[in-house]
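Listing of run00.cif, mmCIF, C-alpha atoms and all ligand atoms
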data_entry
#
loop_
_atom_site.label_atom_id
_atom_site.label_comp_id
_atom_site.auth_asym_id
_atom_site.auth_seq_id
_atom_site.Cartn_x
_atom_site.Cartn_y
_atom_site.Cartn_z
CA MET A 1218 168.86 -73.60 -165.38
CA ILE A 1219 166.02 -74.37 -162.97
CA SER A 1220 163.34 -76.31 -164.81
CA ALA A 1221 159.99 -77.31 -163.30
CA SER A 1222 156.66 -78.78 -164.24
CA ALA A 1223 154.09 -76.25 -163.10
CA ALA A 1224 150.30 -75.98 -163.03
CA VAL A 1225 149.86 -72.69 -164.88
CA LEU A 1226 146.67 -70.68 -164.51
CA ARG A 1227 146.09 -68.64 -167.67
CA ALA A 1228 142.70 -67.10 -166.80
CA GLY A 1229 140.27 -67.15 -163.89
CA ASP A 1230 137.81 -69.38 -165.71
CA ARG A 1231 140.26 -71.92 -167.13
CA PRO A 1232 141.55 -75.16 -165.63
CA TYR A 1233 145.18 -75.54 -164.55
CA ALA A 1234 147.46 -76.77 -167.33
CA ILE A 1235 150.67 -78.59 -166.45
CA GLU A 1236 153.50 -77.00 -168.43
CA GLU A 1237 157.28 -77.03 -168.42
CA VAL A 1238 158.73 -73.73 -167.19
CA ILE A 1239 162.15 -72.27 -166.36
CA LEU A 1240 162.38 -70.44 -163.02
CA ASP A 1241 164.56 -67.33 -162.63
CA GLU A 1242 167.84 -67.85 -160.79
CA PRO A 1243 167.64 -67.42 -156.99
CA GLY A 1244 168.83 -64.22 -155.32
CA ALA A 1245 171.55 -64.23 -152.65
CA ASP A 1246 168.94 -64.59 -149.88
CA GLN A 1247 166.85 -67.22 -151.64
CA ILE A 1248 166.78 -70.99 -151.95
CA VAL A 1249 165.66 -73.51 -154.57
CA VAL A 1250 163.36 -76.21 -153.24
CA GLN A 1251 162.27 -79.43 -154.87
CA VAL A 1252 158.59 -79.58 -153.89
CA ALA A 1253 157.49 -82.95 -152.48
CA ALA A 1254 153.89 -82.06 -151.71
CA THR A 1255 151.69 -78.97 -151.59
CA GLY A 1256 148.35 -78.26 -149.94
CA PHE A 1257 145.43 -76.74 -151.78
CA CYS A 1258 144.30 -73.63 -149.83
CA HIS A 1259 141.05 -71.78 -150.44
CA SER A 1260 143.09 -68.65 -151.28
CA ASP A 1261 144.45 -70.46 -154.34
CA ALA A 1262 140.93 -70.52 -155.76
CA VAL A 1263 140.50 -66.84 -154.81
CA ALA A 1264 143.22 -66.02 -157.37
CA ARG A 1265 140.59 -66.81 -159.99
CA ALA A 1266 138.39 -63.88 -158.91
CA PRO A 1267 138.28 -60.95 -161.39
CA LYS A 1268 140.96 -58.29 -160.82
CA PHE A 1269 142.34 -60.05 -157.73
CA VAL A 1270 145.73 -60.87 -159.18
CA GLN A 1271 147.83 -58.53 -161.30
CA VAL A 1272 150.23 -61.00 -162.86
CA TRP A 1273 148.97 -63.38 -165.55
CA PRO A 1274 149.57 -66.14 -166.39
CA LEU A 1275 150.33 -67.30 -162.87
CA ILE A 1276 151.52 -70.29 -160.88
CA THR A 1277 149.60 -70.42 -157.58
CA GLY A 1278 150.08 -72.79 -154.60
CA HIS A 1279 151.46 -71.66 -151.25
CA GLU A 1280 151.62 -74.48 -148.73
CA ALA A 1281 154.46 -76.84 -149.46
CA ALA A 1282 157.14 -79.07 -148.06
CA GLY A 1283 160.21 -80.21 -149.92
CA VAL A 1284 163.96 -80.63 -150.09
CA VAL A 1285 166.47 -77.80 -150.53
CA GLU A 1286 168.47 -78.10 -153.75
CA ARG A 1287 170.44 -74.82 -153.77
CA VAL A 1288 171.04 -71.97 -151.35
CA GLY A 1289 171.96 -68.36 -152.15
CA SER A 1290 175.33 -66.95 -151.06
CA GLU A 1291 173.90 -64.94 -148.14
CA VAL A 1292 171.67 -67.68 -146.72
CA SER A 1293 172.59 -69.05 -143.31
CA GLY A 1294 170.98 -71.82 -141.29
CA ILE A 1295 169.72 -73.75 -144.34
CA GLU A 1296 171.77 -76.31 -146.26
CA VAL A 1297 171.33 -78.32 -149.43
CA GLY A 1298 169.43 -81.50 -148.53
CA ASP A 1299 167.52 -79.91 -145.65
CA HIS A 1300 163.81 -80.67 -145.50
CA VAL A 1301 161.71 -77.52 -145.27
CA VAL A 1302 158.11 -76.37 -144.82
CA LEU A 1303 157.37 -73.23 -146.84
CA THR A 1304 155.20 -70.35 -145.73
CA PHE A 1305 154.20 -66.79 -146.67
CA ALA A 1306 156.66 -64.02 -147.61
CA TYR A 1307 157.59 -61.08 -145.39
CA CYS A 1308 160.36 -58.51 -145.37
CA GLY A 1309 161.95 -59.32 -142.01
CA THR A 1310 162.85 -55.71 -141.23
CA CYS A 1311 159.71 -53.49 -141.04
CA SER A 1312 158.19 -52.53 -137.68
CA GLN A 1313 155.79 -55.51 -137.67
CA CYS A 1314 158.44 -58.04 -138.74
CA ALA A 1315 160.92 -56.63 -136.18
CA ASP A 1316 158.22 -57.15 -133.54
CA ASN A 1317 157.83 -60.85 -134.60
CA HIS A 1318 154.45 -60.34 -136.31
CA PRO A 1319 155.44 -61.12 -139.94
CA ALA A 1320 151.81 -61.84 -140.96
CA TYR A 1321 151.29 -58.09 -140.59
CA CYS A 1322 154.41 -57.18 -142.58
CA GLU A 1323 154.00 -53.73 -144.10
CA THR A 1324 154.65 -55.26 -147.52
CA PHE A 1325 152.49 -58.39 -147.03
CA VAL A 1326 150.03 -57.65 -149.84
CA GLN A 1327 152.71 -56.85 -152.40
CA ARG A 1328 154.84 -59.86 -151.51
CA ASN A 1329 152.06 -62.41 -151.22
CA ILE A 1330 149.04 -61.41 -153.23
CA LEU A 1331 150.34 -59.18 -155.99
CA GLY A 1332 153.58 -61.05 -156.52
CA LEU A 1333 155.29 -57.83 -157.58
CA LEU A 1334 157.91 -57.13 -154.95
CA ALA A 1335 160.40 -59.84 -155.60
CA THR A 1336 163.93 -59.75 -154.33
CA GLY A 1337 165.14 -61.34 -157.53
CA GLY A 1338 163.61 -64.38 -159.19
CA ALA A 1339 160.20 -62.78 -159.69
CA ARG A 1340 159.11 -64.91 -162.56
CA ALA A 1341 159.19 -68.10 -164.53
CA THR A 1342 159.39 -68.45 -168.28
CA ALA A 1343 157.14 -70.75 -170.27
CA ALA A 1344 157.50 -71.96 -173.85
CA GLY A 1345 157.86 -69.13 -176.38
CA ASP A 1346 159.72 -66.96 -173.85
CA GLU A 1347 156.46 -66.06 -172.11
CA SER A 1348 156.71 -64.61 -168.56
CA VAL A 1349 154.75 -66.45 -165.87
CA GLY A 1350 154.14 -65.09 -162.35
CA ALA A 1351 155.89 -67.30 -159.81
CA ARG A 1352 155.71 -65.34 -156.55
CA TRP A 1353 152.20 -66.23 -155.29
CA PHE A 1354 152.51 -65.92 -151.50
CA GLY A 1355 156.23 -65.75 -152.26
CA GLN A 1356 156.13 -69.38 -153.34
CA SER A 1357 154.03 -70.58 -156.33
CA THR A 1358 154.29 -74.20 -155.22
CA PHE A 1359 151.95 -75.82 -157.73
CA ALA A 1360 155.21 -76.79 -159.39
CA THR A 1361 157.91 -79.40 -158.94
CA ARG A 1362 160.43 -76.69 -158.00
CA THR A 1363 160.17 -73.26 -156.43
CA VAL A 1364 162.49 -70.34 -155.64
CA VAL A 1365 161.63 -68.76 -152.28
CA ASP A 1366 163.12 -66.32 -149.78
CA ALA A 1367 165.11 -68.27 -147.19
CA ARG A 1368 163.05 -66.67 -144.41
CA SER A 1369 159.91 -68.33 -145.87
CA ALA A 1370 161.42 -71.78 -145.18
CA VAL A 1371 161.29 -73.60 -141.85
CA VAL A 1372 163.80 -76.47 -141.54
CA VAL A 1373 162.24 -79.68 -140.16
CA ASP A 1374 163.57 -83.11 -139.12
CA ARG A 1375 164.27 -85.41 -142.06
CA ASP A 1376 162.29 -88.33 -140.60
CA LEU A 1377 159.00 -86.44 -140.90
CA PRO A 1378 156.60 -87.20 -143.81
CA LEU A 1379 156.66 -84.21 -146.18
CA ASP A 1380 153.17 -84.95 -147.56
CA VAL A 1381 151.77 -84.55 -144.05
CA LEU A 1382 153.73 -81.37 -143.26
CA ALA A 1383 152.91 -79.55 -146.53
CA PRO A 1384 149.69 -77.75 -145.42
CA LEU A 1385 151.22 -76.34 -142.24
CA GLY A 1386 152.42 -73.15 -143.97
CA CYS A 1387 149.05 -71.40 -144.37
CA GLY A 1388 145.66 -72.94 -143.50
CA ILE A 1389 146.80 -74.87 -140.45
CA ILE A 1390 148.80 -72.01 -138.89
CA THR A 1391 145.87 -69.67 -139.59
CA GLY A 1392 143.47 -71.75 -137.48
CA ALA A 1393 145.92 -72.87 -134.82
CA GLY A 1394 147.66 -69.48 -134.54
CA THR A 1395 144.34 -67.71 -134.02
CA VAL A 1396 143.63 -69.93 -131.02
CA LEU A 1397 147.14 -70.04 -129.55
CA ASN A 1398 148.50 -66.57 -130.39
CA VAL A 1399 145.52 -64.23 -130.65
CA LEU A 1400 142.69 -65.62 -128.50
CA ASP A 1401 145.12 -67.37 -126.15
CA VAL A 1402 142.35 -69.85 -125.25
CA ARG A 1403 142.50 -70.80 -121.55
CA PRO A 1404 141.83 -74.28 -120.06
CA GLY A 1405 138.21 -74.86 -119.04
CA THR A 1406 136.74 -72.24 -121.40
CA SER A 1407 134.27 -72.49 -124.30
CA VAL A 1408 134.83 -71.82 -128.02
CA ALA A 1409 132.42 -71.75 -130.96
CA ILE A 1410 133.90 -72.27 -134.44
CA PHE A 1411 131.91 -71.19 -137.49
CA GLY A 1412 132.97 -73.16 -140.56
CA VAL A 1413 134.96 -76.32 -139.98
CA GLY A 1414 136.96 -76.61 -143.16
CA SER A 1415 140.73 -76.98 -142.70
CA VAL A 1416 141.18 -73.61 -140.94
CA GLY A 1417 138.27 -74.23 -138.56
CA LEU A 1418 139.38 -77.79 -137.82
CA ALA A 1419 142.93 -76.59 -137.13
CA ALA A 1420 141.42 -74.08 -134.68
CA LEU A 1421 139.38 -76.88 -133.12
CA LEU A 1422 142.44 -79.10 -132.65
CA ALA A 1423 144.40 -76.21 -131.14
CA ALA A 1424 141.52 -75.32 -128.80
CA LYS A 1425 141.41 -78.93 -127.62
CA ALA A 1426 145.19 -78.96 -127.13
CA ALA A 1427 144.87 -75.72 -125.14
CA GLY A 1428 142.38 -77.38 -122.79
CA ALA A 1429 139.08 -75.77 -123.88
CA GLU A 1430 136.24 -77.60 -122.15
CA SER A 1431 133.46 -76.87 -124.60
CA ILE A 1432 134.09 -76.69 -128.37
CA ILE A 1433 131.06 -76.11 -130.59
CA ALA A 1434 131.38 -76.58 -134.35
CA VAL A 1435 128.93 -74.94 -136.78
CA ASP A 1436 128.87 -75.79 -140.49
CA LEU A 1437 126.51 -76.27 -143.43
CA HIS A 1438 127.99 -79.69 -144.33
CA PRO A 1439 126.94 -82.60 -142.06
CA ALA A 1440 130.04 -84.62 -143.10
CA ARG A 1441 132.33 -81.87 -141.79
CA LEU A 1442 130.44 -81.80 -138.50
CA GLU A 1443 130.99 -85.55 -138.20
CA LEU A 1444 134.73 -85.08 -138.66
CA ALA A 1445 134.64 -82.19 -136.14
CA THR A 1446 133.08 -84.55 -133.59
CA GLU A 1447 135.74 -87.18 -134.26
CA LEU A 1448 138.43 -84.53 -133.75
CA GLY A 1449 137.05 -83.27 -130.45
CA ALA A 1450 134.00 -81.01 -130.88
CA THR A 1451 131.80 -81.40 -127.81
CA ALA A 1452 128.70 -80.24 -129.74
CA THR A 1453 127.86 -79.58 -133.39
CA ILE A 1454 125.17 -77.40 -134.95
CA LEU A 1455 124.02 -77.46 -138.56
CA GLY A 1456 124.20 -73.83 -139.68
CA GLY A 1457 121.73 -71.85 -141.73
CA ASP A 1458 119.42 -70.07 -139.28
CA ASN A 1459 121.80 -67.65 -137.53
CA ASP A 1460 119.39 -66.49 -134.80
CA SER A 1461 118.65 -70.06 -133.84
CA VAL A 1462 122.36 -71.02 -133.94
CA ALA A 1463 123.35 -68.17 -131.58
CA GLU A 1464 120.53 -69.08 -129.21
CA GLN A 1465 121.48 -72.77 -129.17
CA ILE A 1466 125.09 -71.89 -128.38
CA ARG A 1467 124.12 -69.54 -125.54
CA LYS A 1468 121.96 -72.32 -124.07
CA LEU A 1469 124.72 -74.89 -124.38
CA THR A 1470 127.27 -72.66 -122.66
CA ASN A 1471 125.30 -70.80 -119.97
CA GLN A 1472 125.42 -67.14 -121.17
CA GLY A 1473 127.47 -67.81 -124.29
CA THR A 1474 131.03 -68.81 -125.14
CA HIS A 1475 134.27 -67.16 -124.06
CA TYR A 1476 135.58 -67.12 -127.64
CA SER A 1477 134.28 -67.51 -131.17
CA ILE A 1478 136.03 -67.89 -134.50
CA ASP A 1479 134.54 -67.13 -137.90
CA THR A 1480 136.26 -68.75 -140.88
CA THR A 1481 133.51 -67.96 -143.40
CA GLY A 1482 133.85 -64.20 -143.86
CA VAL A 1483 130.06 -63.97 -144.27
CA PRO A 1484 128.81 -60.82 -142.41
CA GLU A 1485 125.69 -62.53 -140.98
CA VAL A 1486 127.81 -65.38 -139.65
CA ILE A 1487 130.25 -62.92 -138.02
CA LEU A 1488 127.27 -61.27 -136.28
CA CYS A 1489 126.09 -64.73 -135.18
CA ALA A 1490 129.58 -65.49 -133.83
CA LEU A 1491 129.39 -62.25 -131.81
CA GLY A 1492 125.86 -63.01 -130.63
CA SER A 1493 126.81 -66.48 -129.40
CA MET A 1494 129.38 -65.10 -126.89
CA ARG A 1495 129.06 -63.87 -123.33
CA ALA A 1496 130.20 -60.34 -122.33
CA ARG A 1497 134.00 -59.97 -122.48
CA GLY A 1498 134.05 -62.64 -125.18
CA VAL A 1499 136.54 -62.30 -128.04
CA CYS A 1500 135.56 -63.13 -131.62
CA ALA A 1501 138.29 -63.70 -134.21
CA SER A 1502 137.43 -63.20 -137.88
CA VAL A 1503 139.88 -65.11 -140.09
CA GLY A 1504 137.99 -65.51 -143.39
CA ILE A 1505 138.13 -63.20 -146.38
CA GLN A 1506 135.18 -60.92 -145.59
CA THR A 1507 132.46 -61.05 -148.25
CA GLY A 1508 130.65 -57.80 -147.30
CA ASP A 1509 130.20 -55.08 -144.67
CA VAL A 1510 129.51 -56.07 -141.08
CA VAL A 1511 126.93 -53.68 -139.58
CA LEU A 1512 127.02 -53.62 -135.79
CA ASP A 1513 123.81 -52.50 -134.13
CA GLY A 1514 123.85 -50.85 -130.69
CA HIS A 1515 123.97 -54.14 -128.78
CA ALA A 1516 126.09 -56.29 -131.06
CA LEU A 1517 129.32 -55.74 -129.13
CA SER A 1518 128.19 -55.11 -125.50
CA GLY A 1519 131.59 -55.53 -123.90
CA LYS A 1520 132.81 -58.01 -126.51
CA GLN A 1521 135.76 -57.75 -128.88
CA LEU A 1522 135.93 -58.42 -132.61
CA VAL A 1523 139.42 -58.90 -134.04
CA SER A 1524 140.50 -59.64 -137.60
CA VAL A 1525 143.39 -62.10 -137.86
CA ILE A 1526 145.77 -62.75 -140.75
CA GLU A 1527 147.69 -66.05 -141.00
CA GLY A 1528 146.96 -66.72 -137.32
CA ASP A 1529 149.34 -63.84 -136.46
CA ALA A 1530 151.94 -66.59 -136.67
CA ASP A 1531 155.68 -66.36 -136.63
CA PRO A 1532 156.04 -69.53 -138.72
CA ARG A 1533 159.55 -70.23 -137.42
CA THR A 1534 158.19 -70.85 -133.93
CA LEU A 1535 154.59 -71.94 -134.57
CA ILE A 1536 155.32 -74.61 -137.21
CA PRO A 1537 157.89 -76.49 -135.03
CA HIS A 1538 155.47 -76.19 -132.08
CA LEU A 1539 152.60 -77.72 -134.08
CA ILE A 1540 154.87 -80.49 -135.38
CA GLN A 1541 155.82 -81.35 -131.79
CA LEU A 1542 152.14 -81.38 -130.75
CA TRP A 1543 151.43 -83.68 -133.73
CA ARG A 1544 154.27 -86.03 -132.72
CA ASP A 1545 152.79 -86.10 -129.21
CA GLY A 1546 149.39 -87.10 -130.61
CA ARG A 1547 147.81 -83.82 -129.49
CA PHE A 1548 147.31 -82.16 -132.88
CA PRO A 1549 146.18 -84.85 -135.38
CA PHE A 1550 145.75 -82.49 -138.34
CA ASP A 1551 146.71 -85.33 -140.68
CA ARG A 1552 143.14 -86.63 -140.24
CA MET A 1553 141.82 -83.87 -142.48
CA LEU A 1554 144.23 -84.47 -145.40
CA GLU A 1555 143.34 -86.13 -148.68
CA ARG A 1556 146.12 -86.92 -151.14
CA PHE A 1557 145.89 -86.38 -154.91
CA PRO A 1558 148.60 -86.83 -157.55
CA PHE A 1559 149.88 -83.43 -158.75
CA THR A 1560 148.49 -84.15 -162.23
CA ALA A 1561 144.97 -84.37 -160.69
CA ILE A 1562 145.11 -80.73 -159.51
CA ASN A 1563 141.85 -79.78 -161.25
CA GLU A 1564 140.06 -82.65 -159.55
CA ALA A 1565 141.57 -81.66 -156.19
CA GLU A 1566 140.35 -78.08 -156.60
CA LYS A 1567 136.84 -79.30 -157.46
CA ALA A 1568 136.78 -81.63 -154.45
CA SER A 1569 137.88 -78.74 -152.21
CA LEU A 1570 135.33 -76.23 -153.55
CA GLU A 1571 132.47 -78.74 -153.34
CA GLY A 1572 133.39 -79.58 -149.74
CA ARG A 1573 134.24 -83.23 -150.51
CA ALA A 1574 137.90 -82.89 -149.50
CA VAL A 1575 138.71 -80.83 -146.40
CA LYS A 1576 142.40 -80.35 -147.20
CA PRO A 1577 143.63 -81.73 -150.52
CA VAL A 1578 147.38 -82.37 -150.65
CA LEU A 1579 148.99 -82.66 -154.07
CA VAL A 1580 151.83 -85.16 -154.09
CA MET A 1581 154.44 -84.43 -156.74
CA SER A 1582 155.63 -87.98 -157.49
ZN ZN B 1601 157.93 -56.73 -142.85
ZN ZN B 1602 146.37 -70.01 -147.82
#
Would you write out, as structure tokens, the structure that this file holds?
Ligand SMILES: [Zn+2]
Ligand SMILES: [Zn+2]
Amino acid sequence: MISASAAVLRAGDRPYAIEEVILDEPGADQIVVQVAATGFCHSDAVARAPKFVQVWPLITGHEAAGVVERVGSEVSGIEVGDHVVLTFAYCGTCSQCADNHPAYCETFVQRNILGLLATGGARATAAGDESVGARWFGQSTFATRTVVDARSAVVVDRDLPLDVLAPLGCGIITGAGTVLNVLDVRPGTSVAIFGVGSVGLAALLAAKAAGAESIIAVDLHPARLELATELGATATILGGDNDSVAEQIRKLTNQGTHYSIDTTGVPEVILCALGSMRARGVCASVGIQTGDVVLDGHALSGKQLVSVIEGDADPRTLIPHLIQLWRDGRFPFDRMLERFPFTAINEAEKASLEGRAVKPVLVMS
């Protein structure tokens, strides 16, 4: 029997309640992981939105690191005792997965958002024999244990701190993967980043590691802009007036930037990100879009707008690469982490939504 303490969400407008649950037995291609720490990602709060999730009650959480306790009979390359970073679910066999683009898996939505397509071990059971959804992003890591597909686990060296590694599986690979995989930022170029929460800051750190010469951070929170400067932004702009922001960026970069990244999903900000670039610039939109983007006749003018999911990352290569950059002192993403005890999950969520904590990490013990 796989028991766990889990933060169960029973309705969109209720706080998390820590409850004892029993997880379903793992399938042949799954593993059981004792969660050491888990990041709080903005998407976890999105689960609260009306009609977004189809399985209630639900255990959310989808950025974790921990220790493998059991492995299914068909699992290879992972052993009991291995330390792992967990990431999103994907099928491994569809055309996108076969092409090494698992973030575009044909079954991504079912496996990660809806939590319906489980390969065994779809649910947990709470007191009174009540079913609880436990496949959020294939993980549901706001719990002391989780059952995940083996392919969602990346084995890491045992000397690495699990509370630092935990957030790598979603927010950090989204920002860094966008810069390294999609935009392929070149040395000596310029990048504007709209919204420097954890995704934007990860993009900033990756742009710096890639050798970008000019990195401009735009945000509504002055404290985040300060952190962006400490982490390598060459200029910061307090957002709000989009026309003025685009004009300031064009002035700073002589004709506009080579790349821009929008993490906000706000249509006006996406248009501002396009307007701040020079011709042939590429703008990556990585946020959950909050409305329609209307492009007037001049909005693109030889520019590209691309939507990016999970940084188009293959986690099995990107996560080890980012860990190596971090060991080399070239990707100090640990600077944006703030630790909370697991039992303070409601406080961590509040701190995240109010912009006081850039990347909360819940530590299980
Ligand atoms: Zn697939
Ligand atoms: Zn996420």
Exercise for review: Measuring atom to atom with only C-alpha atoms, identify which of A:Arg1287, A:Arg1375, A:Arg1403, A:His1279 is nearest to Ala1262 in chain A.
Suggested key: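 Among A:Arg1287, A:Arg1375, A:Arg1403, A:His1279, it is A:His1279 that comes nearest to Ala1262 in chain A.
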Per residue of chain A within 6 Å of ligand ZN 1602 (chain B), note the shortest atom pair and the distance in Å to one decimal, counting only C-alpha atoms and all ligand atoms, and order the rows by chain and increasing residue number, as CSV.
residue,atom,partner,partner_atom,distance
A:Cys1258,CA,B:ZN1602,ZN,4.6
A:Ser1260,CA,B:ZN1602,ZN,5.0
A:Cys1387,CA,B:ZN1602,ZN,4.6
A:Gly1388,CA,B:ZN1602,ZN,5.3
Kindly save the residues from that selection, with C-alpha atoms included, as a PDB file, in the coordinates of the input.
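Saved the output as again00.pdb:
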ATOM      1  CA  CYS A1258     144.300 -73.630-149.830  1.00  0.00           C
ATOM      2  CA  SER A1260     143.090 -68.650-151.280  1.00  0.00           C
ATOM      3  CA  CYS A1387     149.050 -71.400-144.370  1.00  0.00           C
ATOM      4  CA  GLY A1388     145.660 -72.940-143.500  1.00  0.00           C
TER       5      GLY A1388
END
With the cut-off set at 12 Å and counting all atoms listed in the file, tabulate each residue of chain A with an atom at most that distance from an atom of ligand ZN 1601 (chain B), showing the nearest atom pair and its distance in Å to one decimal, ordered by chain and increasing number, as a Markdown table.
| residue | atom | partner | partner_atom | distance |
| --- | --- | --- | --- | --- |
| A:Phe1305 | CA | B:ZN1601 | ZN | 11.4 |
| A:Ala1306 | CA | B:ZN1601 | ZN | 8.8 |
| A:Tyr1307 | CA | B:ZN1601 | ZN | 5.0 |
| A:Cys1308 | CA | B:ZN1601 | ZN | 3.9 |
| A:Gly1309 | CA | B:ZN1601 | ZN | 4.9 |
| A:Thr1310 | CA | B:ZN1601 | ZN | 5.3 |
| A:Cys1311 | CA | B:ZN1601 | ZN | 4.1 |
| A:Ser1312 | CA | B:ZN1601 | ZN | 6.7 |
| A:Gln1313 | CA | B:ZN1601 | ZN | 5.7 |
| A:Cys1314 | CA | B:ZN1601 | ZN | 4.3 |
| A:Ala1315 | CA | B:ZN1601 | ZN | 7.3 |
| A:Asp1316 | CA | B:ZN1601 | ZN | 9.3 |
| A:Asn1317 | CA | B:ZN1601 | ZN | 9.2 |
| A:His1318 | CA | B:ZN1601 | ZN | 8.2 |
| A:Pro1319 | CA | B:ZN1601 | ZN | 5.8 |
| A:Ala1320 | CA | B:ZN1601 | ZN | 8.2 |
| A:Tyr1321 | CA | B:ZN1601 | ZN | 7.1 |
| A:Cys1322 | CA | B:ZN1601 | ZN | 3.6 |
| A:Glu1323 | CA | B:ZN1601 | ZN | 5.1 |
| A:Thr1324 | CA | B:ZN1601 | ZN | 5.9 |
| A:Phe1325 | CA | B:ZN1601 | ZN | 7.1 |
| A:Val1326 | CA | B:ZN1601 | ZN | 10.6 |
| A:Gln1327 | CA | B:ZN1601 | ZN | 10.9 |
| A:Arg1328 | CA | B:ZN1601 | ZN | 9.7 |
| A:Asn1329 | CA | B:ZN1601 | ZN | 11.7 |
| A:Arg1368 | CA | B:ZN1601 | ZN | 11.3 |
| A:Asp1531 | CA | B:ZN1601 | ZN | 11.7 |
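Across the model, the gap from CA of Leu1488 in chain A to CA of Ala1426 in chain A is 26.8 Å.
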Exercise for review: Write out as number ranges by chain each polymer residue whose atoms come within 7 Å of range 1451-1462 of chain A, counting all atoms listed in the file; drop sequence neighbours fewer than 3 positions from it.
Suggested key: A: 1431-1437, 1439, 1442, 1446, 1465-1466, 1486, 1489
**Study point:** Residue contacts of Ala1253 in chain A (9 Å, all atoms listed in the file) excluding same-chain residues fewer than 2 positions away, as a list in words
**Key:** Val1250, Gln1251, Thr1255, Ala1281, Ala1282, Gly1283, Val1284, Thr1361, Arg1362, Leu1379, Asp1380, Ala1383, Leu1579, Val1580, Met1581 and Ser1582 of chain A
Selection export as an mmCIF file, in the frame of the given file, atoms kept: C-alpha atoms:
data_model
loop_
_atom_site.group_PDB
_atom_site.id
_atom_site.type_symbol
_atom_site.label_atom_id
_atom_site.label_comp_id
_atom_site.auth_asym_id
_atom_site.auth_seq_id
_atom_site.Cartn_x
_atom_site.Cartn_y
_atom_site.Cartn_z
ATOM 1 C CA VAL A 1250 163.360 -76.210 -153.240
ATOM 2 C CA GLN A 1251 162.270 -79.430 -154.870
ATOM 3 C CA THR A 1255 151.690 -78.970 -151.590
ATOM 4 C CA ALA A 1281 154.460 -76.840 -149.460
ATOM 5 C CA ALA A 1282 157.140 -79.070 -148.060
ATOM 6 C CA GLY A 1283 160.210 -80.210 -149.920
ATOM 7 C CA VAL A 1284 163.960 -80.630 -150.090
ATOM 8 C CA THR A 1361 157.910 -79.400 -158.940
ATOM 9 C CA ARG A 1362 160.430 -76.690 -158.000
ATOM 10 C CA LEU A 1379 156.660 -84.210 -146.180
ATOM 11 C CA ASP A 1380 153.170 -84.950 -147.560
ATOM 12 C CA ALA A 1383 152.910 -79.550 -146.530
ATOM 13 C CA LEU A 1579 148.990 -82.660 -154.070
ATOM 14 C CA VAL A 1580 151.830 -85.160 -154.090
ATOM 15 C CA MET A 1581 154.440 -84.430 -156.740
ATOM 16 C CA SER A 1582 155.630 -87.980 -157.490
#
Check your understanding: Quick one, how far is CA of Arg1552 in chain A from CA of Gly1386 in chain A?
Key -> 16.8 Å
Practice item. Name all residues at most 12 Å from Lys1567 in chain A (count only C-alpha atoms; drop same-chain ones fewer than 6 positions away) and give them as an NGL selection string. Key: :A and (1232-1233 or 1257 or 1259 or 1262 or 1557 or 1561 or 1573-1577)
